[in-house]
Amino acid sequence: MDKASNYLDINRQSWNNRTESHINSAFYNMEQFMKGNSSLNDIELELLGDISGKTILHLQCHFGQDSISLSRMGGTVTGVDLSDKAIDSARQIAMETQSNASFICCDIYDLPQHVDEQFDIVFTSYGTIGWLPDLDRWAYIIATFLKPGGQLVFIEFHPVVWMFDDHFEKIAYRYFNSGPIIESETGTYADKTAAISQEYVMWNHGLSEVFNSLIKHGLVIKQFDEFDYSPYNCFEKTIEIAPKKYRIAHLDDKIPMVYAILAQKK
């Protein structure tokens, strides 16, 4: 079996391999999180608004920090992730923080086999769709699990960022989806010196692919924003221009780094 068709197993192992390093990293700052700090950023908080009493499906939740942060805001949250190690950790952290967030381990495309309810909000953010080969199926899942009138809150790194090589010195990848990108790394974005290495399979998705997949499945785009910074210091050659606002030093404010979509199911 070729690596592209075996992407689920490769990526599950990749995220299993990263989880412990991420939990122990300064990047995720678990010490402050366990004391009650939120892991959510201003971009998504502004789109979310008051979520008290809302049911929320969090797709690709990793080890649950954002899911638990949403539950602390009054939401009833179900987090989903491919990595069994991450989900095991999420459940443990939820128990230790007395969060009502619940977690499901599965490929999000298989979610209809695990969940039979609809939600007020579907939430997904930062570095998620690049792991998915088919945005049509992704949008179908979102539409399936949203109540009529329910909202998608989606924040993602801008596809322009993924055109560059790791050091942002040259254009190395095509903006548009040209099929699987198979690579390996030592360390991880949350701890570049971590003594781990992993292989992974990803896809680039241009904005038109994102928008058209959502529109096709009955979502109305209510708001679209682009940002010239990242709230995470997860790239090479960054500079912090303000608290939790990072840019590529030599590119300054010249490229978009993040975008956000608020969409509503008809």
# chains A, B, ... in the order shown; residues from 1 in each chain; ligands from 1
>>> closest_atom_pairs(of="segment 157-240 of chain A", to="segment 40-50 of chain A", cutoff="10 Å", atoms="only C-alpha atoms", output="Markdown table")
| residue | atom | partner | partner_atom | distance |
| --- | --- | --- | --- | --- |
| A:Gln223 | CA | A:Leu47 | CA | 9.0 |
| A:Asp225 | CA | A:Ile43 | CA | 9.4 |
| A:Phe227 | CA | A:Ile43 | CA | 9.1 |
| A:Pro231 | CA | A:Asn41 | CA | 7.1 |
| A:Tyr232 | CA | A:Asn41 | CA | 9.4 |
>>> residues_around(residues="Ile196 of chain A", least_positions_apart="6", cutoff="10 Å", atoms="only C-alpha atoms", output="PyMOL selection string")
chain A and resi 14+17-18+21+185-188
>>> select_by_dssp(residues="segment 10-150 of chain A", states="strand (DSSP E or B)", output="list in words")
Thr55, Ile56, Leu57, His58, Leu59, Thr76, Val77, Thr78, Gly79, Val80, Asp81, Ser102, Phe103, Ile104, Cys105, Phe119, Asp120, Ile121, Val122, Phe123, Thr124, Ser125, Leu146, Lys147, Pro148, Gly149 and Gly150 of chain A
>>> closest_residue(among="A:Gly206, A:Gly53, A:Gly36, A:Gly179", to="His158 of chain A", atoms="only C-alpha atoms")
A:Gly206
>>> residues_around(residues="segment 164-167 of chain A", least_positions_apart="5", cutoff="7 Å", atoms="only C-alpha atoms", output="VMD selection string")
chain A and resid 172 to 173 236 to 237
>>> select_by_dssp(residues="segment 11-251 of chain A", states="alpha helix (DSSP H)", output="PyMOL selection string")
chain A and resi 11-23+30-34+42-48+65-72+84-96+135-145+207-216
>>> residues_around(residues="segment 58-64 of chain A", least_positions_apart="4", cutoff="9 Å", atoms="only C-alpha atoms", output="PyMOL selection string")
chain A and resi 15+19+22-23+68-69+77-83+85-91+93-94+101+103+107-108+121-125+128-129
>>> closest_atom_pairs(of="segment 117-234 of chain A", to="segment 248-255 of chain A", cutoff="12 Å", atoms="only C-alpha atoms", output="Markdown table")
| residue | atom | partner | partner_atom | distance |
| --- | --- | --- | --- | --- |
| A:Phe157 | CA | A:Ile255 | CA | 11.5 |
| A:His158 | CA | A:Ile255 | CA | 9.0 |
| A:Pro159 | CA | A:Ile255 | CA | 10.4 |
| A:Val160 | CA | A:Ile255 | CA | 7.3 |
| A:Val161 | CA | A:Ile255 | CA | 7.8 |
| A:Trp162 | CA | A:Ile255 | CA | 11.4 |
| A:Met163 | CA | A:Ile255 | CA | 11.2 |
| A:Phe164 | CA | A:Ile255 | CA | 11.1 |
| A:Asp166 | CA | A:Ile248 | CA | 11.0 |
| A:His167 | CA | A:Ile248 | CA | 9.0 |
| A:Phe168 | CA | A:Ile248 | CA | 7.6 |
| A:Glu169 | CA | A:His250 | CA | 9.1 |
| A:Lys170 | CA | A:Leu251 | CA | 11.5 |
| A:Glu226 | CA | A:Ile255 | CA | 9.8 |
| A:Phe227 | CA | A:Ile255 | CA | 8.6 |
| A:Asp228 | CA | A:Asp253 | CA | 5.5 |
| A:Tyr229 | CA | A:Asp253 | CA | 7.4 |
| A:Ser230 | CA | A:Ile248 | CA | 9.2 |
| A:Tyr232 | CA | A:Ile248 | CA | 11.5 |
| A:Asn233 | CA | A:Ile248 | CA | 9.7 |
| A:Cys234 | CA | A:Ile248 | CA | 10.5 |
>>> write_last_selection(atoms="N, CA and C atoms", output="tab-separated table (two decimals), in the first residue's frame")
chain	number	residue	atom	x	y	z
A	157	PHE	N	-4.59	28.35	9.41
A	157	PHE	CA	-3.43	29.03	8.81
A	157	PHE	C	-3.69	29.26	7.33
A	158	HIS	N	-3.27	30.41	6.85
A	158	HIS	CA	-3.57	30.82	5.48
A	158	HIS	C	-2.81	29.95	4.48
A	159	PRO	N	-3.46	29.57	3.37
A	159	PRO	CA	-2.76	28.72	2.40
A	159	PRO	C	-1.51	29.37	1.80
A	160	VAL	N	-1.41	30.69	1.84
A	160	VAL	CA	-0.18	31.35	1.38
A	160	VAL	C	1.03	30.89	2.20
A	161	VAL	N	0.82	30.70	3.51
A	161	VAL	CA	1.92	30.25	4.39
A	161	VAL	C	2.50	28.92	3.92
A	162	TRP	N	1.62	28.02	3.48
A	162	TRP	CA	2.05	26.66	3.12
A	162	TRP	C	2.72	26.61	1.75
A	163	MET	N	2.79	27.72	1.04
A	163	MET	CA	3.52	27.77	-0.23
A	163	MET	C	5.03	27.83	-0.02
A	164	PHE	N	5.46	28.33	1.14
A	164	PHE	CA	6.88	28.58	1.39
A	164	PHE	C	7.60	27.33	1.90
A	166	ASP	N	10.33	25.77	4.71
A	166	ASP	CA	10.29	25.91	6.18
A	166	ASP	C	10.88	27.23	6.66
A	167	HIS	N	11.85	27.77	5.92
A	167	HIS	CA	12.53	29.00	6.36
A	167	HIS	C	11.97	30.25	5.68
A	168	PHE	N	10.90	30.10	4.93
A	168	PHE	CA	10.22	31.23	4.27
A	168	PHE	C	11.19	32.00	3.37
A	169	GLU	N	12.04	31.26	2.68
A	169	GLU	CA	13.01	31.87	1.78
A	169	GLU	C	12.62	31.75	0.31
A	170	LYS	N	11.77	30.77	-0.01
A	170	LYS	CA	11.37	30.59	-1.41
A	170	LYS	C	10.01	29.88	-1.47
A	226	GLU	N	-9.00	37.88	7.25
A	226	GLU	CA	-7.62	37.45	7.09
A	226	GLU	C	-6.75	38.27	8.03
A	227	PHE	N	-5.68	37.65	8.54
A	227	PHE	CA	-4.85	38.28	9.55
A	227	PHE	C	-3.38	38.20	9.15
A	228	ASP	N	-2.63	39.28	9.41
A	228	ASP	CA	-1.23	39.34	9.00
A	228	ASP	C	-0.30	38.88	10.13
A	229	TYR	N	-0.80	38.03	11.00
A	229	TYR	CA	0.02	37.45	12.07
A	229	TYR	C	-0.53	36.08	12.43
A	230	SER	N	0.26	35.33	13.17
A	230	SER	CA	-0.18	34.06	13.76
A	230	SER	C	-0.21	34.22	15.28
A	232	TYR	N	0.31	31.90	17.18
A	232	TYR	CA	1.21	30.84	17.65
A	232	TYR	C	2.60	31.01	17.06
A	233	ASN	N	3.60	30.79	17.89
A	233	ASN	CA	4.98	30.85	17.45
A	233	ASN	C	5.41	29.45	16.99
A	234	CYS	N	4.83	29.01	15.87
A	234	CYS	CA	5.04	27.63	15.43
A	234	CYS	C	5.80	27.56	14.11
